[in-house]
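Novice: First, the structure itself, so that you have it in front of you.
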Amino acid sequence: MKNFISVEDAGHINHLSRIALDYKQNPLSNQSGAGKRIGMLFLNPSLRTRMSTQIAAENLGLKTIIFNASQDGWQLEFNEGAIMNGQTVEHIKDAAPILGNYFDIIGIRIFPTLKDKEQDYKEQVLAAFIKYSGVPVISMESATLHPLQSLADVITISEAMEKIIAKRKLKVVLTWAPHVKALPQCVANSFAEWMSAWDKTDLTIACPEGFDLDKKYSPDAIITHNQNEALENADIVYVKNWSSYNDYGQILNDPSWMLTNKKLEITNNARVMHCLPVRRNVELSDEVLDSKRSLVTNQAANRVWAAQAVISEILKSIK
Amino acid sequence: MKNFISVEDAGHINHLSRIALDYKQNPLSNQSGAGKRIGMLFLNPSLRTRMSTQIAAENLGLKTIIFNASQDGWQLEFNEGAIMNGQTVEHIKDAAPILGNYFDIIGIRIFPTLKDKEQDYKEQVLAAFIKYSGVPVISMESATLHPLQSLADVITISEAMEKIIAKRKLKVVLTWAPHVKALPQCVANSFAEWMSAWDKTDLTIACPEGFDLDKKYSPDAIITHNQNEALENADIVYVKNWSSYNDYGQILNDPSWMLTNKKLEITNNARVMHCLPVRRNVELSDEVLDSKRSLVTNQAANRVWAAQAVISEILKSIK
Amino acid sequence: MKNFISVEDAGHINHLSRIALDYKQNPLSNQSGAGKRIGMLFLNPSLRTRMSTQIAAENLGLKTIIFNASQDGWQLEFNEGAIMNGQTVEHIKDAAPILGNYFDIIGIRIFPTLKDKEQDYKEQVLAAFIKYSGVPVISMESATLHPLQSLADVITISEAMEKIIAKRKLKVVLTWAPHVKALPQCVANSFAEWMSAWDKTDLTIACPEGFDLDKKYSPDAIITHNQNEALENADIVYVKNWSSYNDYGQILNDPSWMLTNKKLEITNNARVMHCLPVRRNVELSDEVLDSKRSLVTNQAANRVWAAQAVISEILKSIK
């Protein structure tokens, strides 16, 4: 593995998931990171991703350095030929090679603007770090994708549905949920992409009109604007808010889309997922989150093993 | 030791103090934390507590992760059944189990509001972390108590007064001091609680009228509003400002309560303590702080050994 | 080495540079820091210095603790006898001894005010930490100097000019560059000081009228206000903006001083240096930075080995 930016970097999903689950049994079994160092660069805040990735790296023997760029007001320039007499203090062409010099692997988190769709979907920050740093780059959530979350989701489904998966494909439903803030599409895009690539699942996406995701992440999914219809016979219900892709960044707070136990009655006794943080009684009701259906804590816990699998695969590509 | 929230968790105080002083002689003598990890969650800023607790944990072989929640605007929800359509981004019921998954021990700092007495004294943050995280919780200063500071204070008194303690009980005076800001009652509450529980000291508390602490922390202490009377024959004078408990959060900047060498003349050649940071020439005069009487640097230095004793006792309760 | 504050602490420059270059070949060859701890105190933001110093310390086996004082609003008092009823929360006399207790070495970054020249050039923060902490102090950029940068610059020149240095002294030109913000004089002062002390170089300083540096850092340098004249036959061109020393803190954004390939034609095929971050097409043109002439990435990479040489020399002075 050279970088970890999208499902295309994952190789065989079941193989990667298996590596992760092996680390869950033996966290310290592989010390191939000894003498190496990962730089974790947060251009936006993080809790679960920061902690789980740091733990994963340390489990492999790596040293970690965290840099919270947002707090230090370190604004990067990305435009070629820019005359830098404004707010940006450093060009990515100058910053990235140095981080590549200090670190063996670089992890980056960068949120979208949710204002300029074209710019966000170009993923210029990740692209520039890959181009200029000279070392492997791991997305710790980018403007449009969140592959470490998606791999943790795959692992969580694999564990919880082990027996069913052995027999048949799962019906997985990604359902939009209400929220009070404008959130990125990245978790939803990424989950759609991974479920589409994974051979164990059939994906249905349910969302209000105007909230369809970019179709490129889920070429074969069933898309519906009827949540009830989608939930029928579902094995997994993945709940997530996202702001509009079409009317870019616009929000909708329609409480009728909140997931409740009542709605889940027509599923196939589905397990419920959410990447956290979750707005209780807005996105999902307490009764769902506090029930045995909920896999949310497992998902967050599995972030460690997902990150550890990814980092160890990348270490193989480093001399 | 299961958690470390108040003096009630300390067990036998002299025993815990002895463990701490042994670490002071041999910092790396116990590596029982190897392969384990402590998460230190700061909902408010910290200097001494953060550094000393991190050093203590590392001395025991633990890995540490620090999370400054205040800087990342990570506002937790604590109310059962809350409809989270406002400022809080994550419910403690969802956050705590994940931290309990990532860490073997969790340390938390949370300051009081100083506006809502009932809420502050309920200590709902600590209670919720203990309830939902499933791992031992250490208070790194809570809304109402600061037990790591108090244990360091006990150690410091034990060292400085070793010969006298062997013969008789000490007269310890906790005296209120002026300040320009509204400070919590936690250091004072906690010191009162530990001095009351410790078999080596008799406690007198001196403060202006209207500044009495909650009596539950010092059932047997002598309370007086006459500082001079309190200081007579004192062996230890502990200086600390706190805002009013009765007229909750109100401050008083009465310079006549500043501790000076002149006032100390009637003591039994007392040693002077303060938990730092101290407002010089407001709480205490320079002449006191710069004299041999002052134990303030010892107190801060002993924070490492106090934390190390607490963490190693907690490690014993973990498989 | 007791402290590392200026070139006066460096001892023999070529010797120190040689130690640094040895670490570049064998980063983990010296573990004399094992069991020791460095506290890195940032009163101002940092990227390269923070990362490179942490890596250097860890390469030597030291543990590191970073404290970003600016983010926690930890305002120190420096005045003797101050009545602390204002904004400052802790006196350096109280803070420094405790840090000296927690750490074997202290690194400090403190920027100038650029408003009060006398105060800035007194370097009272560094002086107070040295006076009160009782442990070695390393400047990670102070109000007036940046010796870790200058040592990295020496190393970079030594590497790039190895063959020429063996035969003759280099003509080094420090040339002022335009900028949109008021920057400290520290990198320029420090570079001037090190080039003056180093036996391999002759220094010329070019800057607009009114931007002369304090002469004490470069007693033997040629000072000119004609950039062209300075560049003639230069082997090394070090580009840097600084705000006025005379009209303290004033800026000048004169684009005619931007360094371009055209201007470099009259040099002796000079290599170009800058400490980063650099404002592209304001201080230097893209064509220079993107050419083989540029040594800027080398400089930043060599920060690790400079810091490692300094820390290991200081470790020799600790029991």
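Just so we're on the same page: first chain in the structure tokens is A, next is B, and so on; residues restart at 1 for each chain, and ligands are numbered from 1 in the order they show up.
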Got a sec to pull out which chain C residues are within 8 Å of chain A, counting only C-alpha atoms, and send them as a PyMOL selection string?
Specialist: chain C and resi 45-47+51-52+55+71+179-180+276-282+286+297+300-301
Novice: Deliver the residues from the most recent selection as a file, using C-alpha atoms, as a short mmCIF file (atom, residue, chain, number, x, y, z; two decimals), in the first residue's frame.
Specialist:
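The resulting file, again18.cif, is reproduced below:
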```
data_model
loop_
_atom_site.label_atom_id
_atom_site.label_comp_id
_atom_site.auth_asym_id
_atom_site.auth_seq_id
_atom_site.Cartn_x
_atom_site.Cartn_y
_atom_site.Cartn_z
CA PRO C 45 3.56 28.98 17.71
CA SER C 46 6.09 26.71 16.01
CA LEU C 47 6.17 24.01 13.36
CA MET C 51 9.07 18.95 15.32
CA SER C 52 12.81 18.95 14.71
CA ILE C 55 12.73 14.34 16.96
CA GLN C 71 -3.11 28.48 23.83
CA HIS C 179 7.20 41.07 3.51
CA VAL C 180 3.67 42.05 4.42
CA LEU C 276 11.09 29.17 5.99
CA PRO C 277 8.21 29.81 6.02
CA VAL C 278 8.74 31.89 2.89
CA ARG C 279 6.27 34.17 1.12
CA ARG C 280 6.70 33.07 -2.49
CA ASN C 281 6.90 35.80 -5.10
CA VAL C 282 7.19 38.37 -2.33
CA ASP C 286 9.15 30.79 -7.57
CA THR C 297 14.57 22.08 2.28
CA ALA C 300 14.83 22.68 7.47
CA ALA C 301 15.88 19.02 7.39
#
```
Novice: Looking only at alpha helix (DSSP H) from DSSP on the backbone, list the matching residues of range 70-305 of chain A as an MDAnalysis selection string.
Specialist: chainID A and resid 92:102 117:122 124:133 147:160 162:165 186:197 227:231 261:264 286:289 296:305
Novice: Within 10 Å of Phe111 in chain B, counting only C-alpha atoms, which residues show up once you throw out same-chain ones fewer than 4 positions away? Write them as a list of chain:residue names, please.
Specialist: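 Result of the neighbour search: B:Phe42, B:Leu43, B:Asn44, B:Pro45, B:Asp120, B:Glu123, B:Val125, B:Met140, B:Glu141, B:Ser142, B:Ala143, B:Thr144, B:Leu145, B:Leu183, B:Pro184, B:Cys186.
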Novice: Store the residues picked out above in a file with N, CA and C atoms, as a CSV table (one decimal), in the first residue's frame.
Specialist:
```csv
chain,number,residue,atom,x,y,z
B,42,PHE,N,-8.5,17.0,29.3
B,42,PHE,CA,-8.5,18.3,30.0
B,42,PHE,C,-9.7,19.2,29.4
B,43,LEU,N,-10.7,19.3,30.2
B,43,LEU,CA,-11.8,20.2,29.8
B,43,LEU,C,-11.5,21.6,30.2
B,44,ASN,N,-10.4,21.8,30.9
B,44,ASN,CA,-9.9,23.1,31.3
B,44,ASN,C,-8.4,23.1,31.3
B,45,PRO,N,-7.7,24.3,31.2
B,45,PRO,CA,-6.3,24.3,31.1
B,45,PRO,C,-5.6,23.8,32.3
B,120,ASP,N,-22.5,22.2,40.0
B,120,ASP,CA,-21.1,22.0,40.3
B,120,ASP,C,-20.9,20.9,41.4
B,123,GLU,N,-21.0,17.1,40.6
B,123,GLU,CA,-19.9,16.5,40.0
B,123,GLU,C,-20.4,15.5,38.9
B,125,VAL,N,-19.8,15.3,35.7
B,125,VAL,CA,-18.9,14.9,34.7
B,125,VAL,C,-18.1,13.6,35.2
B,140,MET,N,-8.2,14.9,38.0
B,140,MET,CA,-7.0,15.8,37.8
B,140,MET,C,-7.5,17.3,38.2
B,141,GLU,N,-8.4,17.4,39.1
B,141,GLU,CA,-9.1,18.6,39.6
B,141,GLU,C,-10.5,18.6,39.1
B,142,SER,N,-11.4,18.5,40.0
B,142,SER,CA,-12.8,18.5,39.6
B,142,SER,C,-13.5,19.8,40.0
B,143,ALA,N,-14.8,19.9,39.9
B,143,ALA,CA,-15.5,21.1,40.2
B,143,ALA,C,-15.3,21.4,41.7
B,144,THR,N,-15.2,20.4,42.6
B,144,THR,CA,-15.2,20.6,44.0
B,144,THR,C,-14.0,20.1,44.8
B,145,LEU,N,-13.2,19.3,44.1
B,145,LEU,CA,-12.0,18.7,44.9
B,145,LEU,C,-10.8,18.6,44.0
B,183,LEU,N,-12.2,32.1,42.0
B,183,LEU,CA,-11.6,30.8,41.9
B,183,LEU,C,-12.5,29.7,42.6
B,184,PRO,N,-12.3,28.5,42.1
B,184,PRO,CA,-13.1,27.4,42.7
B,184,PRO,C,-12.8,27.2,44.2
B,186,CYS,N,-12.3,24.2,45.2
B,186,CYS,CA,-11.8,22.8,45.2
B,186,CYS,C,-10.5,22.5,46.0
```
Novice: Determine, counting only C-alpha atoms, which protein, DNA and RNA residues have an atom within 8 Å of an atom of Tyr23 in chain B; residues of the same chain fewer than 6 positions away are not included. Present the result as a list in words.
Specialist: Ser29, Trp305, Gln308 and Ala309 of chain B
Novice: Would you save the residues from that selection as a PDB file, in the first residue's frame, using C-alpha atoms?
Specialist:
```
ATOM      1  CA  SER B  29      11.275   1.122  40.298  1.00  0.00           C
ATOM      2  CA  TRP B 305       5.144  11.312  43.259  1.00  0.00           C
ATOM      3  CA  GLN B 308       2.680   8.050  40.610  1.00  0.00           C
ATOM      4  CA  ALA B 309       1.456   6.522  43.878  1.00  0.00           C
TER       5      ALA B 309
END
```
Novice: Between C:Pro208, C:Lys292, C:Val173, C:Phe191, single out the one closest to Leu231 in chain C, counting only C-alpha atoms.
Specialist: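 Of all the options, C:Val173 lies closest to Leu231 in chain C.
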Novice: At a cut-off of 8 Å, using only C-alpha atoms, what residues contact Ile155 in chain A? Leave out same-chain residues fewer than 5 positions from it and give the result as a list of chain:residue names.
Specialist: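 Contacts, in chain order: A:Ser17, A:Ala20, A:Leu21, A:Asn302, A:Ala306.
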Novice: Hey, can you spit out that residue selection with C-alpha atoms as a compact mmCIF listing (two decimals), in the first residue's frame?
Specialist:
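File result.txt, as written:
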```
# COMPACT_ATOMS: atom_id res chain seq x y z
CA SER A 17 -10.19 -6.53 7.42
CA ALA A 20 -7.20 -5.63 11.41
CA LEU A 21 -9.04 -8.32 13.33
CA ASN A 302 -12.46 -0.79 15.78
CA ALA A 306 -8.41 -0.33 11.06
```
Novice: Mind pulling up the distance from CA of Ala34 in chain A to CA of Asp153 in chain A?
Specialist: 28.0 Å
Novice: Between CA of Val237 in chain B and CA of Thr175 in chain B, what is the distance, to one decimal in Å?
Specialist: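 Going from CA of Val237 in chain B over to CA of Thr175 in chain B covers 7.0 Å.
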Novice: Using only C-alpha atoms, can you tell me which of C:Lys316, C:His15, C:Lys169, C:His146 comes closest to Arg303 in chain C?
Specialist: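 For Arg303 in chain C, the nearest of the given residues is C:His146.
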Novice: Excluding Glu8 in chain C and its own-chain neighbours fewer than 3 positions away, which residues fall within 12 Å of it when counting only C-alpha atoms? Please give them as a VMD selection string.
Specialist: chain C and resid 1 to 5 11 to 13 145 147 190 193 to 194 196 to 198 217
Novice: Please, could you write that set of residues out with C-alpha atoms as a PDB file, in the first residue's frame?
Specialist:
```pdb
ATOM      1  CA  MET C   1      27.637  23.308  27.009  1.00  0.00           C
ATOM      2  CA  LYS C   2      25.571  24.799  29.836  1.00  0.00           C
ATOM      3  CA  ASN C   3      22.857  26.605  27.860  1.00  0.00           C
ATOM      4  CA  PHE C   4      22.269  27.310  24.169  1.00  0.00           C
ATOM      5  CA  ILE C   5      21.193  30.897  23.748  1.00  0.00           C
ATOM      6  CA  GLY C  11      32.094  26.383  21.450  1.00  0.00           C
ATOM      7  CA  HIS C  12      34.021  25.573  18.285  1.00  0.00           C
ATOM      8  CA  ILE C  13      31.496  25.903  15.436  1.00  0.00           C
ATOM      9  CA  LEU C 145      18.209  35.318  18.248  1.00  0.00           C
ATOM     10  CA  PRO C 147      20.694  29.857  17.278  1.00  0.00           C
ATOM     11  CA  SER C 190      21.585  35.204  14.645  1.00  0.00           C
ATOM     12  CA  GLU C 193      26.398  36.477  14.554  1.00  0.00           C
ATOM     13  CA  TRP C 194      27.203  32.924  13.445  1.00  0.00           C
ATOM     14  CA  SER C 196      30.832  36.481  11.922  1.00  0.00           C
ATOM     15  CA  ALA C 197      32.059  33.899  14.404  1.00  0.00           C
ATOM     16  CA  TRP C 198      32.616  31.153  11.823  1.00  0.00           C
ATOM     17  CA  TYR C 217      25.945  40.972  15.881  1.00  0.00           C
TER      18      TYR C 217
END
```
Novice: May I have all residues of range 35-227 of chain B that DSSP, computed from the backbone, assigns to strand (DSSP E or B), given as number ranges by chain?
Specialist: B: 37-42, 63-68, 76-77, 90-91, 105-109, 137-139, 170-176, 201-206, 222-224
Novice: Next, the residues of the selection above should be written as a compact mmCIF listing (two decimals), in the first residue's frame with N, CA and C atoms.
Specialist:
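Result saved to selection-v9.txt:
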```
# COMPACT_ATOMS: atom_id res chain seq x y z
N ARG B 37 -2.15 2.27 28.88
CA ARG B 37 -2.25 3.63 28.36
C ARG B 37 -3.25 4.43 29.21
N ILE B 38 -2.83 5.65 29.55
CA ILE B 38 -3.75 6.56 30.25
C ILE B 38 -4.15 7.69 29.31
N GLY B 39 -5.43 8.00 29.29
CA GLY B 39 -5.94 9.14 28.54
C GLY B 39 -6.19 10.28 29.50
N MET B 40 -5.56 11.42 29.23
CA MET B 40 -5.72 12.58 30.11
C MET B 40 -6.56 13.63 29.39
N LEU B 41 -7.75 13.82 29.90
CA LEU B 41 -8.75 14.65 29.24
C LEU B 41 -8.90 15.97 29.98
N PHE B 42 -8.46 17.04 29.33
CA PHE B 42 -8.53 18.35 29.98
C PHE B 42 -9.69 19.16 29.40
N LYS B 63 1.92 4.52 28.51
CA LYS B 63 1.87 5.51 27.45
C LYS B 63 0.76 6.50 27.80
N THR B 64 0.92 7.75 27.34
CA THR B 64 -0.06 8.78 27.68
C THR B 64 -0.57 9.46 26.41
N ILE B 65 -1.86 9.78 26.43
CA ILE B 65 -2.42 10.62 25.38
C ILE B 65 -3.18 11.75 26.07
N ILE B 66 -2.88 12.97 25.64
CA ILE B 66 -3.51 14.15 26.23
C ILE B 66 -4.52 14.71 25.24
N PHE B 67 -5.69 15.05 25.74
CA PHE B 67 -6.70 15.66 24.88
C PHE B 67 -7.21 16.93 25.55
N ASN B 68 -6.97 18.07 24.90
CA ASN B 68 -7.43 19.35 25.42
C ASN B 68 -8.77 19.69 24.80
N LEU B 76 -19.67 18.51 25.73
CA LEU B 76 -20.38 17.28 26.06
C LEU B 76 -21.78 17.54 26.58
N GLU B 77 -22.68 16.64 26.30
CA GLU B 77 -24.04 16.66 26.85
C GLU B 77 -24.12 15.67 28.01
N GLU B 90 -21.76 15.94 21.67
CA GLU B 90 -21.67 14.50 21.94
C GLU B 90 -22.13 14.23 23.36
N HIS B 91 -22.88 13.14 23.52
CA HIS B 91 -23.38 12.78 24.85
C HIS B 91 -22.32 11.95 25.56
N ILE B 105 -6.82 3.66 31.87
CA ILE B 105 -7.16 4.59 32.94
C ILE B 105 -7.51 5.93 32.27
N ILE B 106 -8.47 6.64 32.83
CA ILE B 106 -8.81 7.96 32.31
C ILE B 106 -8.61 9.00 33.42
N GLY B 107 -7.89 10.06 33.10
CA GLY B 107 -7.77 11.20 34.00
C GLY B 107 -8.61 12.34 33.44
N ILE B 108 -9.29 13.06 34.32
CA ILE B 108 -10.17 14.14 33.85
C ILE B 108 -9.98 15.39 34.69
N ARG B 109 -9.92 16.52 34.03
CA ARG B 109 -9.99 17.82 34.69
C ARG B 109 -11.24 18.55 34.22
N VAL B 137 -11.09 5.99 36.95
CA VAL B 137 -11.05 7.42 36.65
C VAL B 137 -10.28 8.15 37.75
N ILE B 138 -9.36 9.01 37.32
CA ILE B 138 -8.59 9.83 38.26
C ILE B 138 -8.99 11.28 38.07
N SER B 139 -9.35 11.94 39.16
CA SER B 139 -9.63 13.37 39.10
C SER B 139 -8.33 14.14 38.99
N LEU B 170 0.26 18.13 64.33
CA LEU B 170 0.59 19.48 63.87
C LEU B 170 -0.65 20.37 63.92
N LYS B 171 -0.44 21.64 64.22
CA LYS B 171 -1.52 22.61 64.02
C LYS B 171 -1.42 23.16 62.60
N VAL B 172 -2.39 22.82 61.78
CA VAL B 172 -2.41 23.26 60.39
C VAL B 172 -3.50 24.30 60.21
N VAL B 173 -3.14 25.44 59.63
CA VAL B 173 -4.11 26.51 59.38
C VAL B 173 -4.30 26.69 57.88
N LEU B 174 -5.54 26.57 57.44
CA LEU B 174 -5.89 26.93 56.06
C LEU B 174 -6.45 28.33 56.10
N THR B 175 -5.71 29.27 55.50
CA THR B 175 -6.18 30.65 55.56
C THR B 175 -6.54 31.18 54.19
N TRP B 176 -7.73 31.75 54.07
CA TRP B 176 -8.21 32.40 52.86
C TRP B 176 -7.29 33.57 52.51
N THR B 201 -2.74 15.68 61.99
CA THR B 201 -2.96 17.12 61.99
C THR B 201 -4.29 17.51 62.65
N ASP B 202 -4.28 18.71 63.24
CA ASP B 202 -5.52 19.37 63.66
C ASP B 202 -5.70 20.60 62.77
N LEU B 203 -6.89 20.76 62.22
CA LEU B 203 -7.10 21.81 61.22
C LEU B 203 -7.88 22.99 61.78
N THR B 204 -7.38 24.18 61.47
CA THR B 204 -8.13 25.42 61.71
C THR B 204 -8.31 26.11 60.37
N ILE B 205 -9.51 26.59 60.09
CA ILE B 205 -9.76 27.31 58.84
C ILE B 205 -10.11 28.76 59.18
N ALA B 206 -9.37 29.68 58.57
CA ALA B 206 -9.64 31.11 58.78
C ALA B 206 -10.08 31.73 57.46
N ILE B 222 -11.68 23.70 63.42
CA ILE B 222 -12.08 24.97 64.06
C ILE B 222 -12.23 25.99 62.94
N ILE B 223 -13.35 26.66 62.89
CA ILE B 223 -13.59 27.69 61.86
C ILE B 223 -13.57 29.06 62.55
N THR B 224 -12.81 29.99 62.00
CA THR B 224 -12.77 31.33 62.59
C THR B 224 -12.71 32.38 61.49
```
